[in-house]
Amino acid sequence: MKIEFDLGKINPDSKKFDDQLLREDIKNAIGIYATKLPEIYRGLDSDVLDNVTIHIVDASNPDDYRQEAFTKKRKLDNSEFIIAISQFNGPTDIRELLAHELCHIAQFLTGMIDDSVGNDSVIWEGERFVLSSIPHQKRPWEKDAIKNQLKLYGTLPDINRFQK
Ligand SMILES: [Zn+2]
């Protein structure tokens, strides 16, 4: 995966991702997750993953965003994604947020989820869900990502040290 911090920020005054150490942390975590993802999401090709570009942007505008982070497609062919990060609502380790969002990217890449159908709807494993009728935490793709994010997050060397 290619990681970029060059995209116009959602929050234009933000300096959050100008920090080189934070950038390295993010790149290292995503690099480790990328090797693990095909084991968790069967059918996910590591060559496909290698060619995906992820743009990391700061969405820390508490008026507009209620989630700690979210993922959006940047290209319809699944070659580019935006991971927007805001930590206004919680103290979650940024690397755990990234693990969660990478699960969503894997869902897109494997075709588990299709958000191109419009009408406030998403197709998840062949079934249509109307977004406004199902709370965030009850959405099956969220349950899937919440379950699998720990399999990624737990592979980080310093996280393992604390868990043993
Ligand atoms: Zn999610």
# chains A, B, ... in the order shown; residues from 1 in each chain; ligands from 1
>>> residues_around(residues="region 90-103 of chain A", least_positions_apart="2", cutoff="10 Å", atoms="only C-alpha atoms", output="PyMOL selection string")
chain A and resi 22+25-30+33-34+37+40-41+54+56+67-72+81-88+105-109+141-142+144-154+156
>>> closest_residue(among="A:Lys138, A:Arg128, A:His104, A:Arg74", to="ligand 1", atoms="only C-alpha atoms and all ligand atoms")
A:His104
>>> residues_around(residues="Arg139 (chain A)", least_positions_apart="4", cutoff="12 Å", atoms="only C-alpha atoms", output="ChimeraX atom specification")
/A:113,121-124,127-135,143-146
>>> atom_distance(atom1="CA of Thr110 (chain A)", atom2="CA of His55 (chain A)")
19.7 Å
>>> select_by_dssp(residues="chain A", states="alpha helix (DSSP H)", output="ChimeraX atom specification")
/A:20-40,46-50,94-109,140-153,157-163
>>> closest_residue(among="A:Gln137, A:Ser46, A:Ser79, A:Asn51", to="ligand 1", atoms="only C-alpha atoms and all ligand atoms")
A:Gln137
>>> select_by_dssp(residues="chain A", states="strand (DSSP E or B)", output="VMD selection string")
chain A and resid 2 to 4 53 to 58 69 to 73 80 to 85 113 to 114 121 to 124 127 to 130
>>> write_last_selection(atoms="N, CA and C atoms", output="compact mmCIF listing (two decimals), in the first residue's frame")
# COMPACT_ATOMS: atom_id res chain seq x y z
N LYS A 2 0.40 2.23 -0.71
CA LYS A 2 1.11 3.51 -0.69
C LYS A 2 0.34 4.45 0.25
N ILE A 3 1.08 5.15 1.07
CA ILE A 3 0.45 6.06 2.03
C ILE A 3 0.82 7.49 1.65
N GLU A 4 -0.18 8.32 1.51
CA GLU A 4 0.06 9.72 1.14
C GLU A 4 -0.55 10.66 2.19
N THR A 53 -3.60 3.03 -2.94
CA THR A 53 -3.07 4.25 -2.31
C THR A 53 -4.07 4.71 -1.24
N ILE A 54 -3.53 4.99 -0.06
CA ILE A 54 -4.36 5.50 1.03
C ILE A 54 -3.93 6.94 1.35
N HIS A 55 -4.88 7.82 1.32
CA HIS A 55 -4.63 9.21 1.68
C HIS A 55 -5.11 9.41 3.13
N ILE A 56 -4.21 9.83 3.98
CA ILE A 56 -4.54 10.06 5.37
C ILE A 56 -4.85 11.57 5.53
N VAL A 57 -6.05 11.88 5.98
CA VAL A 57 -6.41 13.29 6.17
C VAL A 57 -6.96 13.52 7.57
N ASP A 58 -6.84 14.73 7.99
CA ASP A 58 -7.34 15.13 9.31
C ASP A 58 -8.78 15.61 9.19
N ALA A 69 -13.04 8.09 13.14
CA ALA A 69 -12.39 7.96 11.84
C ALA A 69 -13.39 7.38 10.86
N PHE A 70 -13.17 7.62 9.59
CA PHE A 70 -14.00 6.96 8.58
C PHE A 70 -13.20 6.83 7.28
N THR A 71 -13.69 5.91 6.45
CA THR A 71 -13.03 5.62 5.17
C THR A 71 -13.97 5.94 4.03
N LYS A 72 -13.41 6.54 2.99
CA LYS A 72 -14.17 6.81 1.78
C LYS A 72 -13.35 6.37 0.58
N LYS A 73 -14.06 5.89 -0.44
CA LYS A 73 -13.36 5.61 -1.70
C LYS A 73 -13.00 6.92 -2.37
N GLU A 80 -7.86 3.89 -4.82
CA GLU A 80 -7.50 4.94 -3.86
C GLU A 80 -8.60 5.14 -2.83
N PHE A 81 -8.16 5.27 -1.58
CA PHE A 81 -9.09 5.50 -0.47
C PHE A 81 -8.60 6.68 0.37
N ILE A 82 -9.55 7.29 1.05
CA ILE A 82 -9.23 8.32 2.02
C ILE A 82 -9.57 7.76 3.40
N ILE A 83 -8.61 7.83 4.31
CA ILE A 83 -8.93 7.56 5.72
C ILE A 83 -8.88 8.91 6.43
N ALA A 84 -10.03 9.32 6.91
CA ALA A 84 -10.14 10.61 7.61
C ALA A 84 -10.14 10.32 9.11
N ILE A 85 -9.29 11.02 9.82
CA ILE A 85 -9.13 10.75 11.25
C ILE A 85 -9.46 11.98 12.07
N ILE A 113 -18.60 -5.51 0.45
CA ILE A 113 -19.48 -4.34 0.54
C ILE A 113 -19.45 -3.57 -0.77
N ASP A 114 -20.60 -3.02 -1.14
CA ASP A 114 -20.71 -2.19 -2.34
C ASP A 114 -21.55 -0.97 -1.97
N SER A 121 -28.34 3.46 0.42
CA SER A 121 -28.23 2.02 0.61
C SER A 121 -26.81 1.52 0.41
N VAL A 122 -26.56 0.35 0.99
CA VAL A 122 -25.29 -0.35 0.83
C VAL A 122 -25.64 -1.82 0.63
N ILE A 123 -24.89 -2.50 -0.23
CA ILE A 123 -25.05 -3.94 -0.38
C ILE A 123 -23.94 -4.61 0.42
N TRP A 124 -24.34 -5.42 1.38
CA TRP A 124 -23.37 -6.17 2.19
C TRP A 124 -23.64 -7.65 1.98
N GLU A 127 -26.88 -8.48 0.39
CA GLU A 127 -28.11 -8.00 1.00
C GLU A 127 -28.11 -6.47 1.08
N ARG A 128 -29.25 -5.87 0.75
CA ARG A 128 -29.32 -4.41 0.75
C ARG A 128 -29.67 -3.87 2.15
N PHE A 129 -28.96 -2.89 2.59
CA PHE A 129 -29.24 -2.24 3.88
C PHE A 129 -29.45 -0.75 3.65
N VAL A 130 -30.50 -0.20 4.25
CA VAL A 130 -30.75 1.23 4.16
C VAL A 130 -30.07 1.89 5.36
>>> closest_residue(among="A:His136, A:Lys15, A:Gly31, A:Leu21", to="ligand 1", atoms="only C-alpha atoms and all ligand atoms")
A:His136
>>> closest_residue(among="A:Met112, A:Pro140, A:Asn119, A:Ile159", to="Leu44 (chain A)", atoms="only C-alpha atoms")
A:Met112
